[in-house]
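One file, coords10.cif, is given below (mmCIF, C-alpha atoms).
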data_input
#
loop_
_atom_site.group_PDB
_atom_site.id
_atom_site.type_symbol
_atom_site.label_atom_id
_atom_site.label_comp_id
_atom_site.auth_asym_id
_atom_site.auth_seq_id
_atom_site.Cartn_x
_atom_site.Cartn_y
_atom_site.Cartn_z
ATOM 1 C CA MET G 1 -106.314 -48.704 -0.586
ATOM 2 C CA LYS G 2 -107.090 -51.535 1.789
ATOM 3 C CA GLU G 3 -110.617 -52.673 1.136
ATOM 4 C CA GLU G 4 -110.617 -55.746 3.306
ATOM 5 C CA VAL G 5 -113.055 -55.830 6.226
ATOM 6 C CA LYS G 6 -112.238 -57.716 9.411
ATOM 7 C CA LEU G 7 -114.724 -60.542 9.880
ATOM 8 C CA ASP G 8 -115.071 -62.980 12.733
ATOM 9 C CA ARG G 9 -115.863 -66.674 12.388
ATOM 10 C CA THR G 10 -119.606 -66.092 12.957
ATOM 11 C CA ASP G 11 -119.698 -63.462 10.197
ATOM 12 C CA LYS G 12 -118.055 -65.930 7.834
ATOM 13 C CA GLU G 13 -120.447 -68.736 8.730
ATOM 14 C CA LEU G 14 -123.394 -66.379 8.265
ATOM 15 C CA LEU G 15 -122.100 -65.256 4.858
ATOM 16 C CA GLN G 16 -121.620 -68.876 3.843
ATOM 17 C CA LEU G 17 -125.187 -69.837 4.779
ATOM 18 C CA MET G 18 -126.735 -66.759 3.167
ATOM 19 C CA GLN G 19 -124.724 -67.240 -0.019
ATOM 20 C CA ASP G 20 -125.311 -70.944 -0.490
ATOM 21 C CA GLU G 21 -129.015 -71.119 0.364
ATOM 22 C CA PHE G 22 -131.142 -68.373 1.874
ATOM 23 C CA PRO G 23 -134.033 -70.004 3.805
ATOM 24 C CA LEU G 24 -137.414 -69.898 2.062
ATOM 25 C CA ASP G 25 -139.320 -69.332 5.284
ATOM 26 C CA ARG G 26 -141.509 -66.591 6.780
ATOM 27 C CA SER G 27 -138.688 -65.691 9.171
ATOM 28 C CA PRO G 28 -135.477 -66.589 7.342
ATOM 29 C CA TYR G 29 -133.224 -64.804 9.830
ATOM 30 C CA ALA G 30 -134.720 -66.859 12.675
ATOM 31 C CA VAL G 31 -133.852 -70.037 10.724
ATOM 32 C CA LEU G 32 -130.282 -68.796 10.250
ATOM 33 C CA ALA G 33 -130.131 -67.851 13.933
ATOM 34 C CA ARG G 34 -131.051 -71.395 15.008
ATOM 35 C CA ARG G 35 -128.267 -72.811 12.836
ATOM 36 C CA LEU G 36 -125.710 -70.402 14.272
ATOM 37 C CA GLY G 37 -126.871 -70.568 17.911
ATOM 38 C CA LEU G 38 -127.749 -66.852 17.970
ATOM 39 C CA THR G 39 -130.967 -64.867 18.289
ATOM 40 C CA GLU G 40 -132.834 -63.502 15.281
ATOM 41 C CA ASP G 41 -132.026 -59.931 16.394
ATOM 42 C CA GLU G 42 -128.315 -60.718 16.615
ATOM 43 C CA VAL G 43 -128.285 -62.230 13.144
ATOM 44 C CA PHE G 44 -130.259 -59.343 11.648
ATOM 45 C CA ALA G 45 -127.921 -56.784 13.245
ATOM 46 C CA ARG G 46 -124.911 -58.577 11.741
ATOM 47 C CA VAL G 47 -126.568 -58.687 8.325
ATOM 48 C CA LYS G 48 -127.287 -54.955 8.465
ATOM 49 C CA ARG G 49 -123.655 -54.298 9.392
ATOM 50 C CA LEU G 50 -122.348 -56.512 6.568
ATOM 51 C CA TYR G 51 -124.526 -54.597 4.102
ATOM 52 C CA SER G 52 -123.336 -51.212 5.363
ATOM 53 C CA GLU G 53 -119.692 -52.337 5.174
ATOM 54 C CA GLY G 54 -120.257 -53.321 1.565
ATOM 55 C CA VAL G 55 -119.465 -57.005 2.175
ATOM 56 C CA ILE G 56 -122.960 -58.062 1.070
ATOM 57 C CA ARG G 57 -123.814 -56.588 -2.325
ATOM 58 C CA ASN G 58 -127.378 -57.857 -2.541
ATOM 59 C CA LEU G 59 -129.673 -60.793 -1.846
ATOM 60 C CA ARG G 60 -131.454 -62.005 -4.948
ATOM 61 C CA THR G 61 -132.595 -64.877 -7.117
ATOM 62 C CA ILE G 62 -130.086 -65.978 -9.722
ATOM 63 C CA LEU G 63 -131.999 -67.381 -12.667
ATOM 64 C CA ASN G 64 -131.089 -70.175 -15.024
ATOM 65 C CA SER G 65 -130.666 -68.368 -18.359
ATOM 66 C CA GLN G 66 -130.538 -71.614 -20.306
ATOM 67 C CA LYS G 67 -133.897 -72.729 -18.917
ATOM 68 C CA LEU G 68 -135.475 -69.350 -19.619
ATOM 69 C CA GLY G 69 -133.913 -69.396 -23.070
ATOM 70 C CA THR G 70 -134.236 -65.681 -23.604
ATOM 71 C CA CYS G 71 -130.670 -64.384 -23.520
ATOM 72 C CA SER G 72 -127.518 -64.710 -25.613
ATOM 73 C CA SER G 73 -124.081 -63.392 -24.799
ATOM 74 C CA THR G 74 -120.593 -62.750 -26.057
ATOM 75 C CA LEU G 75 -117.230 -61.726 -24.648
ATOM 76 C CA MET G 76 -115.590 -58.813 -26.408
ATOM 77 C CA ALA G 77 -111.982 -57.682 -26.171
ATOM 78 C CA MET G 78 -110.373 -54.527 -27.535
ATOM 79 C CA LYS G 79 -106.886 -53.092 -27.853
ATOM 80 C CA VAL G 80 -107.363 -49.572 -26.568
ATOM 81 C CA PRO G 81 -104.534 -46.983 -26.399
ATOM 82 C CA GLU G 82 -104.146 -45.678 -22.836
ATOM 83 C CA GLU G 83 -105.028 -42.089 -23.805
ATOM 84 C CA ASP G 84 -108.284 -43.306 -25.347
ATOM 85 C CA MET G 85 -109.326 -45.650 -22.511
ATOM 86 C CA ARG G 86 -111.623 -43.249 -20.632
ATOM 87 C CA ARG G 87 -113.614 -42.386 -23.739
ATOM 88 C CA VAL G 88 -114.040 -46.006 -24.855
ATOM 89 C CA VAL G 89 -114.974 -47.224 -21.354
ATOM 90 C CA GLY G 90 -117.527 -44.414 -21.108
ATOM 91 C CA ILE G 91 -119.277 -45.566 -24.280
ATOM 92 C CA VAL G 92 -119.111 -49.282 -23.466
ATOM 93 C CA ASN G 93 -120.474 -48.798 -19.929
ATOM 94 C CA GLU G 94 -123.523 -46.909 -21.237
ATOM 95 C CA TYR G 95 -124.981 -50.208 -22.401
ATOM 96 C CA MET G 96 -127.289 -52.056 -19.985
ATOM 97 C CA SER G 97 -126.356 -55.209 -21.882
ATOM 98 C CA VAL G 98 -122.708 -54.797 -20.819
ATOM 99 C CA THR G 99 -122.676 -56.406 -17.363
ATOM 100 C CA HIS G 100 -118.943 -56.880 -16.742
ATOM 101 C CA ASN G 101 -116.108 -54.684 -17.988
ATOM 102 C CA TYR G 102 -112.481 -55.037 -16.873
ATOM 103 C CA ARG G 103 -109.048 -53.819 -17.780
ATOM 104 C CA ARG G 104 -106.803 -56.868 -18.135
ATOM 105 C CA GLU G 105 -103.067 -57.424 -18.448
ATOM 106 C CA HIS G 106 -102.805 -58.283 -22.143
ATOM 107 C CA ASP G 107 -102.429 -56.581 -25.570
ATOM 108 C CA TYR G 108 -106.202 -56.820 -25.616
ATOM 109 C CA ASN G 109 -106.486 -54.658 -22.516
ATOM 110 C CA LEU G 110 -110.260 -54.144 -22.313
ATOM 111 C CA TRP G 111 -112.589 -57.132 -21.827
ATOM 112 C CA PHE G 112 -116.356 -56.944 -21.442
ATOM 113 C CA THR G 113 -119.415 -59.184 -21.688
ATOM 114 C CA VAL G 114 -122.483 -58.289 -23.744
ATOM 115 C CA THR G 115 -125.729 -60.101 -22.918
ATOM 116 C CA THR G 116 -128.996 -59.355 -24.673
ATOM 117 C CA CYS G 117 -132.350 -60.775 -23.703
ATOM 118 C CA GLY G 118 -135.756 -60.948 -25.342
ATOM 119 C CA ASP G 119 -136.190 -58.994 -28.562
ATOM 120 C CA LYS G 120 -132.823 -57.248 -28.501
ATOM 121 C CA ASN G 121 -130.352 -58.528 -31.042
ATOM 122 C CA LEU G 122 -126.845 -59.364 -29.835
ATOM 123 C CA VAL G 123 -125.175 -58.837 -33.221
ATOM 124 C CA ASP G 124 -126.727 -55.375 -33.611
ATOM 125 C CA THR G 125 -125.533 -54.336 -30.149
ATOM 126 C CA VAL G 126 -122.000 -55.595 -30.837
ATOM 127 C CA GLU G 127 -121.873 -53.732 -34.161
ATOM 128 C CA GLU G 128 -123.152 -50.539 -32.557
ATOM 129 C CA ILE G 129 -120.492 -50.681 -29.823
ATOM 130 C CA LYS G 130 -117.780 -51.225 -32.443
ATOM 131 C CA ARG G 131 -119.037 -48.349 -34.576
ATOM 132 C CA ARG G 132 -119.477 -45.895 -31.707
ATOM 133 C CA THR G 133 -116.107 -46.603 -30.070
ATOM 134 C CA GLY G 134 -114.366 -46.492 -33.459
ATOM 135 C CA VAL G 135 -111.883 -49.215 -32.456
ATOM 136 C CA SER G 136 -110.750 -50.840 -35.710
ATOM 137 C CA ASP G 137 -111.897 -54.385 -36.522
ATOM 138 C CA SER G 138 -108.331 -55.697 -36.360
ATOM 139 C CA ASP G 139 -108.182 -54.623 -32.686
ATOM 140 C CA VAL G 140 -111.480 -56.215 -31.656
ATOM 141 C CA LEU G 141 -112.393 -59.756 -30.626
ATOM 142 C CA ASP G 142 -116.003 -60.907 -30.531
ATOM 143 C CA LEU G 143 -116.112 -64.343 -28.897
ATOM 144 C CA PRO G 144 -119.665 -65.679 -28.508
ATOM 145 C CA THR G 145 -120.242 -68.506 -26.053
ATOM 146 C CA THR G 146 -120.660 -71.903 -27.688
ATOM 147 C CA ARG G 147 -120.926 -74.068 -24.558
ATOM 148 C CA VAL G 148 -121.459 -73.202 -20.893
ATOM 149 C CA PHE G 149 -119.803 -75.505 -18.375
ATOM 150 C CA LYS G 150 -120.264 -73.336 -15.315
ATOM 151 C CA ILE G 151 -121.510 -70.004 -14.015
ATOM 152 C CA ASP G 152 -121.441 -70.118 -10.258
ATOM 153 C CA VAL G 153 -120.034 -67.116 -8.441
ATOM 154 C CA ARG G 154 -119.853 -68.460 -4.918
ATOM 155 C CA PHE G 155 -116.937 -68.306 -2.549
ATOM 156 C CA LYS G 156 -115.782 -70.342 0.410
ATOM 157 C CA PHE G 157 -115.474 -68.152 3.483
ATOM 158 C CA VAL G 158 -114.957 -70.793 6.139
ATOM 159 C CA ASN G 159 -111.972 -73.095 5.768
ATOM 160 C CA ASP G 160 -112.756 -76.007 8.065
ATOM 161 C CA GLY G 161 -109.981 -76.486 10.582
ATOM 162 C CA GLU G 162 -107.450 -74.273 8.833
ATOM 163 C CA GLU G 163 -108.428 -70.809 9.958
ATOM 164 C CA GLU G 164 -105.115 -69.067 10.489
ATOM 165 C CA ASP G 165 -106.629 -66.250 12.545
ATOM 166 C CA GLU G 166 -108.589 -68.347 15.004
ATOM 167 C CA MET E 1 -133.376 -79.615 -23.195
ATOM 168 C CA VAL E 2 -136.914 -78.326 -23.174
ATOM 169 C CA LYS E 3 -137.028 -74.608 -22.542
ATOM 170 C CA LYS E 4 -139.605 -73.834 -19.917
ATOM 171 C CA ARG E 5 -141.763 -70.894 -20.832
ATOM 172 C CA MET E 6 -142.449 -68.485 -18.053
ATOM 173 C CA ASN E 7 -146.027 -67.561 -18.792
ATOM 174 C CA ASP E 8 -147.409 -67.303 -15.295
ATOM 175 C CA GLU E 9 -147.908 -63.621 -14.515
ATOM 176 C CA LYS E 10 -147.659 -64.094 -10.765
ATOM 177 C CA ASP E 11 -144.367 -65.965 -11.069
ATOM 178 C CA GLN E 12 -143.103 -63.229 -13.359
ATOM 179 C CA ALA E 13 -144.097 -60.497 -10.911
ATOM 180 C CA ILE E 14 -142.231 -62.262 -8.101
ATOM 181 C CA LEU E 15 -139.109 -62.870 -10.187
ATOM 182 C CA ARG E 16 -139.066 -59.286 -11.462
ATOM 183 C CA ILE E 17 -138.730 -58.157 -7.858
ATOM 184 C CA THR E 18 -136.430 -60.889 -6.546
ATOM 185 C CA GLN E 19 -133.902 -60.680 -9.399
ATOM 186 C CA ASP E 20 -133.354 -57.039 -8.406
ATOM 187 C CA GLY E 21 -133.039 -57.973 -4.752
ATOM 188 C CA LEU E 22 -134.986 -58.904 -1.645
ATOM 189 C CA PRO E 23 -135.633 -56.061 0.805
ATOM 190 C CA LEU E 24 -133.519 -55.950 3.956
ATOM 191 C CA ASP E 25 -136.422 -56.912 6.193
ATOM 192 C CA LYS E 26 -136.976 -59.600 8.812
ATOM 193 C CA ARG E 27 -140.010 -60.745 6.805
ATOM 194 C CA PRO E 28 -138.770 -60.206 3.237
ATOM 195 C CA PHE E 29 -141.419 -62.435 1.633
ATOM 196 C CA LYS E 30 -144.185 -60.516 3.388
ATOM 197 C CA ALA E 31 -142.823 -57.314 1.865
ATOM 198 C CA ILE E 32 -142.850 -58.945 -1.587
ATOM 199 C CA ALA E 33 -146.370 -60.265 -0.961
ATOM 200 C CA ALA E 34 -147.564 -56.726 -0.267
ATOM 201 C CA ARG E 35 -146.148 -55.536 -3.594
ATOM 202 C CA THR E 36 -147.594 -58.382 -5.665
ATOM 203 C CA GLY E 37 -151.009 -58.787 -4.032
ATOM 204 C CA LEU E 38 -150.255 -62.373 -3.030
ATOM 205 C CA SER E 39 -150.057 -63.873 0.422
ATOM 206 C CA GLU E 40 -146.705 -64.357 2.134
ATOM 207 C CA ASP E 41 -147.118 -68.148 2.055
ATOM 208 C CA GLU E 42 -147.970 -68.107 -1.652
ATOM 209 C CA VAL E 43 -144.823 -66.098 -2.454
ATOM 210 C CA ILE E 44 -142.726 -68.634 -0.537
ATOM 211 C CA ALA E 45 -144.496 -71.608 -2.151
ATOM 212 C CA ARG E 46 -144.003 -70.186 -5.660
ATOM 213 C CA LEU E 47 -140.324 -69.473 -5.034
ATOM 214 C CA LYS E 48 -139.861 -73.044 -3.771
ATOM 215 C CA ARG E 49 -141.534 -74.413 -6.888
ATOM 216 C CA LEU E 50 -139.471 -72.211 -9.242
ATOM 217 C CA LYS E 51 -136.359 -73.421 -7.470
ATOM 218 C CA SER E 52 -137.312 -77.093 -7.748
ATOM 219 C CA MET E 53 -138.070 -76.544 -11.472
ATOM 220 C CA GLY E 54 -134.563 -75.145 -11.863
ATOM 221 C CA VAL E 55 -135.748 -71.739 -13.103
ATOM 222 C CA ILE E 56 -134.151 -70.254 -9.990
ATOM 223 C CA LYS E 57 -130.576 -71.492 -9.762
ATOM 224 C CA ARG E 58 -129.955 -69.977 -6.364
ATOM 225 C CA LEU E 59 -131.440 -67.578 -3.857
ATOM 226 C CA GLY E 60 -128.598 -66.070 -1.900
ATOM 227 C CA ILE E 61 -126.355 -63.121 -1.267
ATOM 228 C CA SER E 62 -123.742 -61.838 -3.641
ATOM 229 C CA VAL E 63 -120.600 -61.029 -1.644
ATOM 230 C CA ASN E 64 -118.075 -58.406 -2.663
ATOM 231 C CA GLN E 65 -115.174 -60.834 -2.592
ATOM 232 C CA ARG E 66 -112.585 -58.055 -2.396
ATOM 233 C CA LYS E 67 -113.917 -57.167 1.056
ATOM 234 C CA VAL E 68 -113.096 -60.638 2.338
ATOM 235 C CA GLY E 69 -109.610 -60.534 0.864
ATOM 236 C CA ILE E 70 -110.209 -62.380 -2.422
ATOM 237 C CA VAL E 71 -108.562 -59.615 -4.442
ATOM 238 C CA ALA E 72 -107.038 -61.456 -7.405
ATOM 239 C CA ASN E 73 -109.005 -62.560 -10.432
ATOM 240 C CA ALA E 74 -107.879 -63.696 -13.825
ATOM 241 C CA VAL E 75 -109.334 -64.956 -17.038
ATOM 242 C CA ILE E 76 -107.321 -68.037 -17.920
ATOM 243 C CA ALA E 77 -107.821 -69.008 -21.548
ATOM 244 C CA TRP E 78 -106.826 -72.457 -22.837
ATOM 245 C CA LYS E 79 -106.117 -73.941 -26.253
ATOM 246 C CA VAL E 80 -107.896 -77.279 -26.054
ATOM 247 C CA PRO E 81 -108.347 -79.770 -28.938
ATOM 248 C CA GLU E 82 -112.022 -79.953 -29.885
ATOM 249 C CA GLU E 83 -112.417 -83.613 -28.896
ATOM 250 C CA LEU E 84 -111.171 -82.876 -25.343
ATOM 251 C CA VAL E 85 -113.251 -79.754 -24.647
ATOM 252 C CA GLU E 86 -116.207 -81.596 -23.107
ATOM 253 C CA ARG E 87 -114.060 -83.609 -20.700
ATOM 254 C CA ILE E 88 -111.705 -80.780 -19.699
ATOM 255 C CA GLY E 89 -114.508 -78.222 -19.391
ATOM 256 C CA ASN E 90 -116.229 -80.472 -16.878
ATOM 257 C CA ILE E 91 -113.017 -81.057 -14.917
ATOM 258 C CA PHE E 92 -112.364 -77.311 -14.633
ATOM 259 C CA ALA E 93 -116.015 -76.637 -13.725
ATOM 260 C CA ALA E 94 -115.806 -79.007 -10.759
ATOM 261 C CA HIS E 95 -113.338 -76.698 -8.950
ATOM 262 C CA ARG E 96 -114.678 -74.093 -6.561
ATOM 263 C CA GLU E 97 -111.926 -71.602 -7.512
ATOM 264 C CA VAL E 98 -113.378 -71.589 -11.054
ATOM 265 C CA THR E 99 -116.490 -69.392 -11.082
ATOM 266 C CA HIS E 100 -117.017 -69.369 -14.861
ATOM 267 C CA CYS E 101 -116.121 -71.906 -17.510
ATOM 268 C CA TYR E 102 -117.152 -71.456 -21.150
ATOM 269 C CA GLU E 103 -116.215 -72.662 -24.586
ATOM 270 C CA ARG E 104 -116.046 -69.772 -27.060
ATOM 271 C CA VAL E 105 -115.537 -69.409 -30.796
ATOM 272 C CA THR E 106 -112.000 -68.996 -32.105
ATOM 273 C CA ILE E 107 -110.758 -66.679 -34.856
ATOM 274 C CA PRO E 108 -108.032 -68.594 -36.735
ATOM 275 C CA GLY E 109 -104.784 -66.641 -36.890
ATOM 276 C CA LYS E 110 -106.083 -64.005 -34.481
ATOM 277 C CA TRP E 111 -107.433 -65.752 -31.366
ATOM 278 C CA GLU E 112 -107.103 -69.488 -30.856
ATOM 279 C CA TYR E 113 -107.861 -69.979 -27.161
ATOM 280 C CA ASN E 114 -111.223 -71.719 -26.998
ATOM 281 C CA LEU E 115 -111.820 -72.619 -23.346
ATOM 282 C CA PHE E 116 -112.243 -69.745 -20.878
ATOM 283 C CA THR E 117 -112.104 -69.972 -17.094
ATOM 284 C CA VAL E 118 -112.387 -67.231 -14.484
ATOM 285 C CA VAL E 119 -110.376 -67.941 -11.349
ATOM 286 C CA HIS E 120 -110.442 -66.027 -8.056
ATOM 287 C CA GLY E 121 -107.866 -66.114 -5.263
ATOM 288 C CA TYR E 122 -106.456 -64.308 -2.254
ATOM 289 C CA ASN E 123 -103.420 -63.134 -4.241
ATOM 290 C CA ARG E 124 -101.747 -63.369 -7.659
ATOM 291 C CA GLU E 125 -99.441 -66.163 -6.607
ATOM 292 C CA SER E 126 -102.321 -68.429 -5.591
ATOM 293 C CA VAL E 127 -104.088 -67.831 -8.922
ATOM 294 C CA GLU E 128 -100.887 -68.481 -10.905
ATOM 295 C CA ASP E 129 -100.241 -71.577 -8.837
ATOM 296 C CA PHE E 130 -103.775 -72.816 -9.422
ATOM 297 C CA ALA E 131 -103.375 -72.254 -13.180
ATOM 298 C CA ARG E 132 -100.248 -74.446 -13.151
ATOM 299 C CA ARG E 133 -102.100 -77.165 -11.258
ATOM 300 C CA MET E 134 -105.028 -76.987 -13.716
ATOM 301 C CA SER E 135 -102.555 -77.292 -16.570
ATOM 302 C CA GLU E 136 -100.928 -80.392 -15.055
ATOM 303 C CA MET E 137 -104.306 -81.882 -14.202
ATOM 304 C CA VAL E 138 -105.515 -81.904 -17.809
ATOM 305 C CA GLY E 139 -102.208 -81.912 -19.711
ATOM 306 C CA ILE E 140 -102.819 -78.648 -21.585
ATOM 307 C CA ARG E 141 -99.719 -76.443 -21.683
ATOM 308 C CA ASP E 142 -100.910 -73.684 -23.985
ATOM 309 C CA TYR E 143 -102.758 -71.140 -21.862
ATOM 310 C CA ILE E 144 -102.651 -67.474 -20.910
ATOM 311 C CA VAL E 145 -103.396 -65.828 -17.574
ATOM 312 C CA MET E 146 -104.945 -62.376 -17.853
ATOM 313 C CA PHE E 147 -105.249 -60.660 -14.491
ATOM 314 C CA SER E 148 -107.779 -57.927 -14.045
ATOM 315 C CA ASN E 149 -106.160 -54.724 -12.812
ATOM 316 C CA GLU E 150 -109.203 -52.454 -12.916
ATOM 317 C CA GLN E 151 -112.940 -53.026 -12.719
ATOM 318 C CA PHE E 152 -114.939 -50.635 -14.893
ATOM 319 C CA LYS E 153 -118.352 -52.219 -14.487
ATOM 320 C CA ARG E 154 -119.961 -55.121 -12.705
ATOM 321 C CA THR E 155 -123.733 -55.613 -12.702
ATOM 322 C CA SER E 156 -126.021 -58.540 -13.384
ATOM 323 C CA VAL E 157 -128.199 -59.687 -16.238
ATOM 324 C CA LYS E 158 -131.848 -58.700 -15.855
ATOM 325 C CA HIS E 159 -134.271 -61.071 -17.484
ATOM 326 C CA PRO E 160 -137.224 -59.454 -19.210
ATOM 327 C CA PHE E 161 -140.562 -60.839 -18.054
#
For the file at hand, write its structure as structure tokens.
Amino acid sequence: MKEEVKLDRTDKELLQLMQDEFPLDRSPYAVLARRLGLTEDEVFARVKRLYSEGVIRNLRTILNSQKLGTCSSTLMAMKVPEEDMRRVVGIVNEYMSVTHNYRREHDYNLWFTVTTCGDKNLVDTVEEIKRRTGVSDSDVLDLPTTRVFKIDVRFKFVNDGEEEDE
Amino acid sequence: MVKKRMNDEKDQAILRITQDGLPLDKRPFKAIAARTGLSEDEVIARLKRLKSMGVIKRLGISVNQRKVGIVANAVIAWKVPEELVERIGNIFAAHREVTHCYERVTIPGKWEYNLFTVVHGYNRESVEDFARRMSEMVGIRDYIVMFSNEQFKRTSVKHPF
């Protein structure tokens, strides 16, 4: 299935601006419009379209977990037989504290992150997931984070001067 | 580093809403003001202050990268000697293609890759090529590239306030 959406240069510039720093202003779309040489209505119509096409997931504040100091996280990996994958994924995905869960090309074929905040205990959650899925200890990795160098999920949409489709 | 306590109830009310998402509205801060009983200007001023304090890392959109053609992603895990982790972690983190870079515990005899990076690209070849360049850049040859071939879940962490 081809998921890719055709975007023009203005779409890409708009995405770049909205991703990197959304204006803290009464009329943020008017600020974006001035930067792009468009009207506020034109910008807002594009934004609505990009939402409906699924290009924009959401617009939100991303908080600094280390500064808030309330959350801890681990990366877990499991070796799951193919015939058991649906059942295990179903259990793992039930947990709010599991934010990312992917099948990966490795003997450990299921990889997911567990993040608990506030009063919830990370170790208890990990143990509960292990017990409920029934995957044996020898087929599980629990790899807590010891140092964070970067969490910054931003992409570059506009390649200055090397747009092949322009 | 001093952990900043978030005790201000008005800040908490704003962040509870904005971490879930701003409304699709030409005056999004006015909509938030209406829900929190603050003025539009106060919502904006508080968000600016929280950003300058570093509590808010970023206010911006999250883009579904697959829709713009960035369809390949891999966890690349590296076996890095302890004394080099700080330097190499910072080198990897400086690259835009690397969205996540963490040091994690190892389990001797079972899992010995200690430095984890997540790399995104337009196709597998570009990710594999980037992994080779990273390897040459830092002189670490022992690494594995684990492409994701199915996404089962992707949400975000919600901070309790």
Counting all atoms listed in the file, which residues of chain E come no farther than 6 Å from chain G, as a compact mmCIF listing (two decimals) with C-alpha atoms, in the coordinates of the input?
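Listed below is the output, part13.txt:
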# COMPACT_ATOMS: atom_id res chain seq x y z
CA LYS E 3 -137.03 -74.61 -22.54
CA LYS E 4 -139.60 -73.83 -19.92
CA THR E 18 -136.43 -60.89 -6.55
CA GLN E 19 -133.90 -60.68 -9.40
CA GLY E 21 -133.04 -57.97 -4.75
CA LEU E 22 -134.99 -58.90 -1.64
CA ARG E 27 -140.01 -60.74 6.80
CA VAL E 55 -135.75 -71.74 -13.10
CA ILE E 56 -134.15 -70.25 -9.99
CA LYS E 57 -130.58 -71.49 -9.76
CA ARG E 58 -129.96 -69.98 -6.36
CA LEU E 59 -131.44 -67.58 -3.86
CA GLY E 60 -128.60 -66.07 -1.90
CA ILE E 61 -126.36 -63.12 -1.27
CA SER E 62 -123.74 -61.84 -3.64
CA VAL E 63 -120.60 -61.03 -1.64
CA ASN E 64 -118.08 -58.41 -2.66
CA LYS E 67 -113.92 -57.17 1.06
CA VAL E 68 -113.10 -60.64 2.34
CA GLY E 69 -109.61 -60.53 0.86
CA ALA E 93 -116.02 -76.64 -13.72
CA THR E 99 -116.49 -69.39 -11.08
CA HIS E 100 -117.02 -69.37 -14.86
CA CYS E 101 -116.12 -71.91 -17.51
CA TYR E 102 -117.15 -71.46 -21.15
CA GLU E 103 -116.22 -72.66 -24.59
CA ARG E 104 -116.05 -69.77 -27.06
CA VAL E 105 -115.54 -69.41 -30.80
CA MET E 146 -104.94 -62.38 -17.85
CA PHE E 147 -105.25 -60.66 -14.49
CA SER E 148 -107.78 -57.93 -14.04
CA ASN E 149 -106.16 -54.72 -12.81
CA GLU E 150 -109.20 -52.45 -12.92
CA GLN E 151 -112.94 -53.03 -12.72
CA PHE E 152 -114.94 -50.64 -14.89
CA LYS E 153 -118.35 -52.22 -14.49
CA ARG E 154 -119.96 -55.12 -12.70
CA THR E 155 -123.73 -55.61 -12.70
CA SER E 156 -126.02 -58.54 -13.38
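Pairwise distance (CA of Ile91 (chain G), CA of Leu122 (chain G)) equals 16.7 Å.
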* Expected residue set, 12 Å radius at (-100.1, -74.4, -22.7), all atoms listed in the file, as an NGL selection string -> :E and (76-81 or 112-113 or 115 or 131-136 or 138-145)
* Minimum-distance residue to Lys10 (chain E), chosen among E:Phe92, E:Phe161, E:Ala72, E:Phe29 (using all atoms listed in the file) ->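 Closest to Lys10 (chain E) of all the choices is E:Phe161.
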* Computed interatomic separation between CA of Val135 (chain G) and CA of Asn121 (chain G) (Å) ->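 Straight-line distance from CA of Val135 (chain G) to CA of Asn121 (chain G) works out to 20.7 Å.
Candidate residues G:Asp84, G:Glu42, G:Glu94, G:Asp137 were compared for distance to Thr10 (chain G), and the nearest is G:Glu42, using all atoms listed in the file.
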* Asked: Which value, in Å to one decimal, gives the distance between CA of Ile70 (chain E) and CA of Leu14 (chain G)?
  ->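 Straight-line distance from CA of Ile70 (chain E) to CA of Leu14 (chain G) works out to 17.4 Å.
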